[in-house]
Amino acid sequence: MTTATLENTSAGTADAATRSFTVTFLIRRFDPDVDTEPRWQDFDVEMYATDRVLDALHKIKWEQDGSLTFRRSCAHGICGSDAMRINGRNRLACKTLIKDLDISKPIYVEAIKGLPLEKDLVVDMEPFFASYREVQPFLQSTSAPAPGKERVQSVAERARFDDTTKCILCAACTSSCPVFWTDGQYFGPAAIVNAHRFIFDSRDDEAKVRLDILNDKEGVWRCRTTFNCTDACPRGIEVTKAIAEVKQAILRGKP
Amino acid sequence: MNSDTASAETTIVDGVHHHQFDIVIVGAGGAGMRAAIEAGPGARTAVISKLYPTRSHTGAAQGGMAAALANVEEDSWEWHTFDTIKGGDYLVDQDAAEILAREAIDAVIDLENMGLPFNRTPDGKIDQRRFGGHTRDHGKAPVRRACYAADRTGHMILQTLFQNCVKLGINFFNEYYVLDLVMTDVDGVPQPSGVVAYDLATGELHVFQAKAVIFATGGFGKIYKTTSNAHTLTGDGVGIIWRKGLPLEDMEFFQFHPTGLAGLGILLTEGARGEGAILRNASGERFMERYAPTIKDLAPRDIVSRCMVQEVAEGRGAGPHKDYVLLDCTHLGAEVLETKLPDITEFARTYLGVDPVYEPVPVMPTAHYAMGGIPTNVKAEVLRDNTTVVPGLYAAGECACVSVHGSNRLGTNSLLDINVFGKRAGRNAVEYVNSGVDFTPLPDDPAGAIRRMLQELRDSNGTERIAAIRKELQEEMDRNAQVFRTEESLTHVASVIAGLRERYKNIAVQDKGKRFNTDLLEAVELGFLLDLAEVVVESARNRQESRGGHMRDDYPNRDDEKYMQHTMAYLSGDAHSSVVSDHIRLDWKPVTITHYQPMERKY
C-alpha cells in the first residue's frame, strides 16, 4: 500500500533537483482578531523539486509574513501535526513534495474541513479527540497477565490489527469524509480505526462494548464508503476496509 | 485544554488564570506521560504540553527499547549494564546504569501489559533484535536485546502511554507553553512553587501552583541544522532550569546518529543495521570492518558517525560531491524491509526517491540526542549542585541527565530511559506530595516576569528576523560543534553566538495578535536555543579530551586523569553580558563507579 503523497507523477531528474523555480501558493487565511470571513492570499516562493509544501510554508513565514499560522513538528510524517487541504485533497504538508504537484498552476492550501477554524491553517482539534476518547481506545483485559510476564500473542494475531496501529491521529481521514462535513456528530474514520485497533487485538476482552458504541446512529453505519479516508491517510492505512471489518463484526456480534 | 477532564477550578487574577494541582508535569512525551500514569492515580496531576501529546517526538523513535528479556537468546541485565557503561565511554554513573538495565525488564513488560503491540517471536513472546553496542558477555558478539514494533517502536510507546492516560482520565493542558518555573524563597533557599504557561490558543497566561513539578520536556536538537529532531525541540525546559540558576550537566555531549538521510537529517533506524544492513563508502567497501573488527556496523553511534565523517573527509564519500556514505539494505530483501523496516523504507522513497530494496541509501550523521541536561539523582530529583536536591523538583527523559548515557548513549536506551526514570519521577513525586508537605506560597505576581518578556517581544520594533538568526546559529553549530571539534572551531562559534545574542535583542515579531501566535512562540524558542548553544560550546571548550560523543581533533585521546568527571555549568552573573566567562561558571562532579573500572574502549 502506498501512502497518500502523489498527485501526478513526474520523474524528478538530478538536474531538476538542483534547479529552483518560482511556485505560487494560494493560502486561505483567517485572522480571528480581524477577519469575519477567510480570504485567499497568494505568495510566490522559490522552491526545489524535492522541497515539501511544509518548506514553502516555512519560507513564507520566515521570510515574508511571520503571521502565517500552521501546526508542524516532526516534519517527516510521524507526528500528525500538519494535515491540511492541498489542492483540495487532505495531505500532510511535510509529506507532499513539490515535484508531485502541478506547479504550472497555483497550489491551493487551506485548513482541513469539518473542524472549527481557529486561525489560518489551524483548526480546533478537540472535537476530533473527543470522538477518539469515546471509543475507549485502550487495552481492556478481564484476565491479569502472569506477574512480570508479557501476554502471549501469536505472530498471526499480532498481524491481524497491524494496519490500524499505524494511526498518528492527524485527522486527515476524518476531515476528508463528506459525512463528517455535514454531520459533526459522526464518530468519523479515525475514531473507528482506533476502535478497530483494539477490537481485533487478541489480548482485549471488551470488543463488544466498542462494537455497541459504534452501532450507534452516529457510528459506522453512517459511512458511505466513498474511500476519501483511505485516499487521505498519510500512513497508508486501509481505513475504509477497517470500517467495513467493524461493520461485519457488529453484524456477527464478535470480532 | 482537554475539556473532558481538566480541572475547572480556576480563578482569574489580573487577567492571569490560576490553577492548583499536587503535581504538574511539563511535557507529554514518553517520560511525561509515563510519569503521569504513575502520578495520576495517587495525586491531583496535570500534564502541560506545548503540543498535543501524540505529536511529541518520542513518536519518531524507531528501532527498539532495550531489555535483557532473553526471549530469543541468552542475555542478562548485568551485560546490559556493562554495555551501557562502556558505550558511554565510562562517564556513566554506574549505579544509575544498573537501575536502568535491571528495571528495563519490568518497563517493557509494563508497556506490553498496557497494550503495546510488540513484534512477536514464533512462540508468541516479545521479539528482540540486535542494536549498536549491545553485546553478549561483555563485548563478545552482538546480542538480540532490543524489543521492537517494526520500526515504529517510539510511535507505539507514545500511543500506548497516551491511551493509558485517556483510560486514567489524566488532566491535559494541550498547546500550553510553559515559560517559567516559579521559585519562592523559603528560609533563604529557593523552592519550586509552580509554573507559568502561555496558552497558545488565547495568548493568555496561566499559573499552575504545585507541590511537585516534573520536567519532561525533551531535547534541543534544533541548535543544529542537520538534525533528526522536530522543529519544536528547542530545549525550553532545559533553558528554563538554566535561567533559574540551576546547573546543567555534560552539555558538551551531543549524539550524532550515523544514519540520517543525506542532506535532510531524517532518521533511519540503527535497527536497519541490526537486521543486517551495511555501511559502504564510494568504492563499495564495508569500511566499519576496518574501525571496529568485532561488531563492525553495530559499533556505538559516536564511533560509527566519526568513521563516516572520516571516510568522507579522506575522499571516499559517495555521490556527485563525494559527501555521503551509503546504507546498503539491498541484500535484506523486500520482505524484511516491508515488515520490519517499513517506515524507513518509505522515508527513503518519499524524500530521496531512492528505493532501499534495490539501491543503497545516501546517509550522513544527524544531530540526534542530548546526553546532557538537568542533573538528577536516581530518584529523578533535580540537583542544585553536585549533591543537594531541590525538594519537589524532578526531571526525566532527554531533558534530564541521571547520568545513564555518559558521553554517548546506546541506541534503544532512550526509550528505556523515559520509561524507567519517567516512572520513578512520577512515583517519587506522589510519595513527596503525600508526605505531608504543603504548597509553597507563590510570590506576588508570579507571571510578572513572563508577561513583561512577552510584551517586550510583541512590542518590539526590531529589525532582525527570527529565522535569519536561527539559521545562522544552526549552520555555524553544524560547521563548528558537530562530530569533530577543535579549540579554533569552538572559539569561532562562541563568538558567533555572542553576536547572535546581541542581535536577538533587536528581533522583530511580525504577528502582533493574541491567538495562536506562533511567531511569538518562535521568538521565545530562539532565546532558549541561543542560551543552550552557548552552554554546549562553553562546556565543549573546557573539556580538552576526546570521549564518546565529544571528539576534539586537537586532543584526540581520552584523559581519565583530568576529565573522568561530569561537567557542571552554572549561570552566574548577567546572562546578557558579552563575555561568556562573565556569566557561565563551570565546575566538575565526580562519576559514580561501582563495579567497572575504566578500560580502553574497543569494539
# chains A, B, ... in the order shown; residues from 1 in each chain; ligands from 1

$ residues_around --residues "Gly499 of chain B" --least-positions-apart "2" --cutoff "12 Å" --atoms "only C-alpha atoms" --output "PyMOL selection string"
chain B and resi 469+472-473+492-497+501-506+530+534+576-580

$ residues_around --residues "Glu157 of chain A" --least-positions-apart "6" --cutoff "9 Å" --atoms "only C-alpha atoms" --output "number ranges by chain"
A: 200-202

$ write_last_selection --atoms "N, CA, C and O atoms" --output "PDB file, in the first residue's frame"
ATOM      1  N   PHE A 200      -9.791  -5.922  17.326  1.00  0.00           N
ATOM      2  CA  PHE A 200      -9.158  -7.091  16.712  1.00  0.00           C
ATOM      3  C   PHE A 200      -7.836  -7.482  17.380  1.00  0.00           C
ATOM      4  O   PHE A 200      -7.072  -8.270  16.844  1.00  0.00           O
ATOM      5  N   ASP A 201      -7.581  -6.925  18.559  1.00  0.00           N
ATOM      6  CA  ASP A 201      -6.387  -7.306  19.327  1.00  0.00           C
ATOM      7  C   ASP A 201      -6.761  -8.488  20.222  1.00  0.00           C
ATOM      8  O   ASP A 201      -7.639  -8.365  21.092  1.00  0.00           O
ATOM      9  N   SER A 202      -6.102  -9.625  20.017  1.00  0.00           N
ATOM     10  CA  SER A 202      -6.468 -10.856  20.734  1.00  0.00           C
ATOM     11  C   SER A 202      -6.347 -10.711  22.252  1.00  0.00           C
ATOM     12  O   SER A 202      -6.940 -11.478  23.001  1.00  0.00           O
TER      13      SER A 202
END

$ select_by_dssp --residues "segment 66-123 of chain A" --states "strand (DSSP E or B)" --output "PyMOL selection string"
chain A and resi 83-86+89-92+97+107-110+117-119+122-123

$ write_last_selection --atoms "N, CA, C and O atoms" --output "mmCIF file, in the first residue's frame"
data_model
loop_
_atom_site.group_PDB
_atom_site.id
_atom_site.type_symbol
_atom_site.label_atom_id
_atom_site.label_comp_id
_atom_site.auth_asym_id
_atom_site.auth_seq_id
_atom_site.Cartn_x
_atom_site.Cartn_y
_atom_site.Cartn_z
ATOM 1 N N ALA A 83 -1.661 18.130 8.937
ATOM 2 C CA ALA A 83 -2.672 17.761 7.939
ATOM 3 C C ALA A 83 -3.345 19.031 7.438
ATOM 4 O O ALA A 83 -3.714 19.897 8.238
ATOM 5 N N MET A 84 -3.466 19.159 6.127
ATOM 6 C CA MET A 84 -4.158 20.311 5.542
ATOM 7 C C MET A 84 -4.661 19.945 4.153
ATOM 8 O O MET A 84 -4.311 18.888 3.615
ATOM 9 N N ARG A 85 -5.503 20.800 3.594
ATOM 10 C CA ARG A 85 -6.005 20.546 2.239
ATOM 11 C C ARG A 85 -5.066 21.182 1.245
ATOM 12 O O ARG A 85 -4.893 22.407 1.229
ATOM 13 N N ILE A 86 -4.463 20.359 0.419
ATOM 14 C CA ILE A 86 -3.526 20.840 -0.598
ATOM 15 C C ILE A 86 -4.131 20.506 -1.954
ATOM 16 O O ILE A 86 -4.371 19.331 -2.247
ATOM 17 N N ARG A 89 -7.143 18.228 -1.619
ATOM 18 C CA ARG A 89 -7.041 16.882 -1.049
ATOM 19 C C ARG A 89 -6.281 16.938 0.268
ATOM 20 O O ARG A 89 -5.323 17.694 0.406
ATOM 21 N N ASN A 90 -6.710 16.130 1.214
ATOM 22 C CA ASN A 90 -6.066 16.135 2.526
ATOM 23 C C ASN A 90 -4.710 15.457 2.462
ATOM 24 O O ASN A 90 -4.595 14.299 2.057
ATOM 25 N N ARG A 91 -3.696 16.173 2.900
ATOM 26 C CA ARG A 91 -2.325 15.696 2.865
ATOM 27 C C ARG A 91 -1.586 16.203 4.098
ATOM 28 O O ARG A 91 -1.981 17.209 4.697
ATOM 29 N N LEU A 92 -0.475 15.551 4.451
ATOM 30 C CA LEU A 92 0.452 16.164 5.395
ATOM 31 C C LEU A 92 1.377 17.066 4.581
ATOM 32 O O LEU A 92 1.965 16.623 3.588
ATOM 33 N N LEU A 97 5.632 16.520 -1.678
ATOM 34 C CA LEU A 97 6.771 17.158 -2.338
ATOM 35 C C LEU A 97 6.313 17.979 -3.539
ATOM 36 O O LEU A 97 5.333 17.621 -4.209
ATOM 37 N N ILE A 107 -0.704 26.532 -6.218
ATOM 38 C CA ILE A 107 -1.020 25.436 -5.302
ATOM 39 C C ILE A 107 -1.911 25.998 -4.195
ATOM 40 O O ILE A 107 -1.546 26.969 -3.515
ATOM 41 N N TYR A 108 -3.077 25.419 -4.048
ATOM 42 C CA TYR A 108 -4.044 25.884 -3.055
ATOM 43 C C TYR A 108 -3.812 25.166 -1.731
ATOM 44 O O TYR A 108 -3.723 23.937 -1.702
ATOM 45 N N VAL A 109 -3.711 25.930 -0.671
ATOM 46 C CA VAL A 109 -3.513 25.343 0.659
ATOM 47 C C VAL A 109 -4.542 25.938 1.614
ATOM 48 O O VAL A 109 -4.680 27.171 1.698
ATOM 49 N N GLU A 110 -5.280 25.076 2.297
ATOM 50 C CA GLU A 110 -6.264 25.565 3.268
ATOM 51 C C GLU A 110 -6.376 24.581 4.424
ATOM 52 O O GLU A 110 -5.883 23.450 4.355
ATOM 53 N N LEU A 117 -12.584 26.398 12.458
ATOM 54 C CA LEU A 117 -11.380 27.107 12.037
ATOM 55 C C LEU A 117 -10.952 28.080 13.134
ATOM 56 O O LEU A 117 -11.749 28.875 13.625
ATOM 57 N N GLU A 118 -9.686 28.001 13.522
ATOM 58 C CA GLU A 118 -9.166 28.886 14.577
ATOM 59 C C GLU A 118 -8.381 30.049 13.986
ATOM 60 O O GLU A 118 -8.608 31.203 14.320
ATOM 61 N N LYS A 119 -7.418 29.733 13.123
ATOM 62 C CA LYS A 119 -6.589 30.775 12.519
ATOM 63 C C LYS A 119 -5.830 30.165 11.340
ATOM 64 O O LYS A 119 -5.213 29.098 11.486
ATOM 65 N N VAL A 122 -4.943 26.458 11.089
ATOM 66 C CA VAL A 122 -5.133 25.795 12.384
ATOM 67 C C VAL A 122 -6.626 25.631 12.676
ATOM 68 O O VAL A 122 -7.381 26.587 12.598
ATOM 69 N N VAL A 123 -7.013 24.389 12.997
ATOM 70 C CA VAL A 123 -8.404 24.139 13.411
ATOM 71 C C VAL A 123 -8.419 23.662 14.856
ATOM 72 O O VAL A 123 -7.397 23.267 15.411
#

$ interface_residues --of "chain B" --to "chain A" --cutoff "8 Å" --atoms "only C-alpha atoms" --output "ChimeraX atom specification"
/B:2-4,54-57,59-60,106,109,112-115,117,119-126,155-156,160,163-164,166-167,229-232,266,347,350-352,465-468,509-511,513-519

$ select_by_dssp --residues "segment 231-359 of chain B" --states "alpha helix (DSSP H)" --output "number ranges by chain"
B: 236-243, 271-274, 288-291, 301-313, 333-340, 342-347

$ residues_around --residues "segment 437-447 of chain B" --least-positions-apart "4" --cutoff "7 Å" --atoms "only C-alpha atoms" --output "MDAnalysis selection string"
chainID B and resid 182 184 193 196 207 210:211 433 451

$ write_last_selection --atoms "C-alpha atoms" --output "PDB file, in the first residue's frame"
ATOM      1  CA  VAL B 182       8.281  29.776  39.763  1.00  0.00           C
ATOM      2  CA  THR B 184       9.869  31.040  46.169  1.00  0.00           C
ATOM      3  CA  SER B 193       6.067  26.694  43.841  1.00  0.00           C
ATOM      4  CA  VAL B 196       3.809  29.810  34.305  1.00  0.00           C
ATOM      5  CA  VAL B 207      -0.115  29.971  36.708  1.00  0.00           C
ATOM      6  CA  ALA B 210       2.036  22.749  42.553  1.00  0.00           C
ATOM      7  CA  LYS B 211       3.705  20.873  45.384  1.00  0.00           C
ATOM      8  CA  VAL B 433       3.312  15.339  47.787  1.00  0.00           C
ATOM      9  CA  ARG B 451       4.234  38.945  30.981  1.00  0.00           C
TER      10      ARG B 451
END

$ closest_residue --among "B:Gln209, B:Thr388, B:Thr345, B:Asn281" --to "Gly194 of chain B" --atoms "only C-alpha atoms"
B:Gln209

$ atom_distance --atom1 "atom CA of Asp187 of chain B" --atom2 "atom CA of Val390 of chain B"
13.6 Å

$ closest_residue --among "B:Ala61, B:Val92, B:Val16, B:Val108" --to "Gln597 of chain B" --atoms "only C-alpha atoms"
B:Val92

$ residues_around --residues "Gly88 of chain B" --least-positions-apart "4" --cutoff "12 Å" --atoms "only C-alpha atoms" --output "NGL selection string"
:B and (81-84 or 92-94 or 97 or 133-134 or 250 or 253-255 or 300-303 or 371-372 or 403-411 or 413 or 547-550 or 564 or 591 or 598-599 or 601)

$ closest_residue --among "B:Lys222, B:His566, B:Lys379, B:Arg152" --to "Gly426 of chain B" --atoms "only C-alpha atoms"
B:Lys379

$ closest_residue --among "B:Thr11, B:His257, B:Pro53, B:Asp323" --to "Asn171 of chain B" --atoms "only C-alpha atoms"
B:Pro53

$ residues_around --residues "Val536 of chain B" --least-positions-apart "4" --cutoff "7 Å" --atoms "only C-alpha atoms" --output "compact mmCIF listing (two decimals) with N, CA, C and O atoms, in the first residue's frame"
# COMPACT_ATOMS: atom_id res chain seq x y z
N MET B 251 26.76 19.10 29.06
CA MET B 251 26.10 19.64 27.87
C MET B 251 26.92 19.50 26.59
O MET B 251 26.40 19.60 25.49
N GLU B 252 28.23 19.26 26.73
CA GLU B 252 29.06 19.12 25.53
C GLU B 252 28.81 17.82 24.78
O GLU B 252 29.24 17.67 23.64
N LEU B 532 21.23 27.75 25.20
CA LEU B 532 21.75 26.38 25.34
C LEU B 532 22.95 26.14 24.44
O LEU B 532 23.90 25.46 24.83
N ALA B 540 32.09 22.38 25.89
CA ALA B 540 32.95 21.64 24.95
C ALA B 540 34.36 22.22 24.91
O ALA B 540 35.35 21.49 24.81
